[in-house]
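In what follows, a single structure is set out as structure tokens and then discussed.
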Amino acid sequence: MSEHRPLRQESVVLSDLERRLINAYQGDIPLDPEPFMRIAENLGVTSEEVQQTLRRLLDKGVLTRFGPLYNIEKADGSFSLCALKVPEHRFDEVADQVNGYAQVAHNYQREHEWNMWFVLATEDYQELEQVFEDIKTVTGCPGLNLPKQTEFFVGLKLQA
Amino acid sequence: MVVDPFDHRLRRALQEGLPLVSKPYAYLAEQLGVTEQEVIAKIEEFTQQGLIKRFGMVLRHHELGYSANCMVVWDIPDMEIETIAQLLSDEACVTLCYQRPRRQGWPYNLFCMIHGKGRDLVEQQLKELIERHQLSYPHQLLFSSKRFKQRGARYV
């Protein structure tokens, strides 16, 4: 196996150690006083190499965080996936309006007549409905508010 | 719900990720004025409660080469939704699966996310899984063309 393997042109090139770390530690950081040492032993490298590699992955933007992935819905607050049907020529203008709300988390353009999809995160459901109504009024676009009813368990399968 | 101040401060500190030092739990403990063991025990507790879904690499799909991100929405009869959702969740290419309400003009009640290394691959995977399970339900593919805002799941 080569030391470096390009994935796609627009994505980053990963070293062998970077790839092994990604594939082995998407969960289960050791809850041991010296977790990087335990990881290093497992991968046959030094603790310093593990820490340096993580730092590099963070700098490259491949890694958002080496730590908890929180289930925000277990915390206080209300969440919903919302969509707007935005006329193509107004898309950027409406995106600015929507992204201006602090309650908007992710926002994706999708290729569909419902072309703007974002997550609203608020203190409670009443606020969520208010913000959703407000967004529809301000943008003048039809909207869908689709709070999750059931989440089905999906294991973690990303391969680097 | 009253959140214990230590819980709250630890969650917030961990939001930045584990400090990259040889004894990160001791480092956090010192900052929070508790013991290393208390920090470790609390992280275990958060994980058991499900507040922490997993404790590890939180990655960006796009930078890993998973450039195609497709939301597939299905109109599944209510009686069958559990079965179909489970079947989709077990597929290797499916990374999220949710039931959501139907709305006027929006008949789709099951959402799954497929991340793949290219649009063609995603379409191919979906086609294969539809054939394999003989899924004849109405569905649509919503590929994302642009990510405007992505803030990691933060809540404190």
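How things are named: the first chain in the structure tokens is A, the next is B, and so on; residues count from 1 in each chain; ligands count from 1 in the order shown.
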Margin query: Set the cut-off to 7 Å and count only C-alpha atoms: what are the residues of chain A that reach chain B? Output as a ChimeraX atom specification.
Written below: /A:7-8,11-12,22,25-29,31,33-34,36,51,62-72,74,105-112,146-154,157,160
Check: Near A:Cys141, counting only C-alpha atoms, which residues have an atom at most 9 Å away, once you skip same-chain residues fewer than 4 positions from it, shown as a count of residues only?
Finding: 8
Next item on the list: Report the residues of stretch 46-98 of chain B whose backbone DSSP state falls under strand (DSSP E or B), written as a PyMOL selection string.
Entry: chain B and resi 52-59+68-74+94-98
Go ahead and save the residues from that selection, with C-alpha atoms, as a compact mmCIF listing (two decimals), in the first residue's frame.
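Result file part_17.txt:
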# COMPACT_ATOMS: atom_id res chain seq x y z
CA ILE B 52 -22.66 11.86 23.72
CA LYS B 53 -23.51 9.74 20.67
CA ARG B 54 -19.91 8.81 20.19
CA PHE B 55 -16.57 10.00 21.48
CA GLY B 56 -14.02 10.18 18.70
CA MET B 57 -13.34 11.69 15.31
CA VAL B 58 -16.00 14.17 14.24
CA LEU B 59 -15.27 14.39 10.52
CA ALA B 68 -21.93 13.71 -2.95
CA ASN B 69 -24.54 14.19 -0.28
CA CYS B 70 -27.98 13.01 -1.21
CA MET B 71 -31.16 13.15 0.82
CA VAL B 72 -33.51 10.43 -0.37
CA VAL B 73 -37.12 10.95 0.64
CA TRP B 74 -39.72 8.18 0.48
CA VAL B 94 -27.05 5.09 4.46
CA THR B 95 -25.70 7.45 7.13
CA LEU B 96 -28.93 8.80 8.67
CA CYS B 97 -32.56 7.66 8.68
CA TYR B 98 -35.52 9.60 10.07
Margin query: Report, in Å with one decimal, the straight-line distance from atom CA of A:Glu18 to atom CA of A:Asp32.
Written below: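 These atoms are spaced 21.6 Å apart.
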Next item on the list: Please return as a PyMOL selection string: the residues of stretch 2-136 of chain A that backbone DSSP assigns to alpha helix (DSSP H).
Entry: chain A and resi 16-24+35-43+47-60+91-99+125-136
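Shell of A:Glu49 at 10 Å, with only C-alpha atoms counted and residues fewer than 2 places along the chain excluded, is Leu17, Phe36, Met37, Ala40, Val45, Thr46, Ser47, Gln51, Gln52, Thr53, Leu54 and Arg55 of chain A.
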Check: Using only C-alpha atoms, which residue out of B:Tyr137, B:Glu131, B:Phe6, B:Glu45 lies closest to B:Leu28?
Finding: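 Using only C-alpha atoms, B:Leu28 sits closest to B:Phe6.
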Item checked: Length of the atom CA of A:Arg20 to atom CA of A:Arg38 vector [Å] -> 14.4 Å
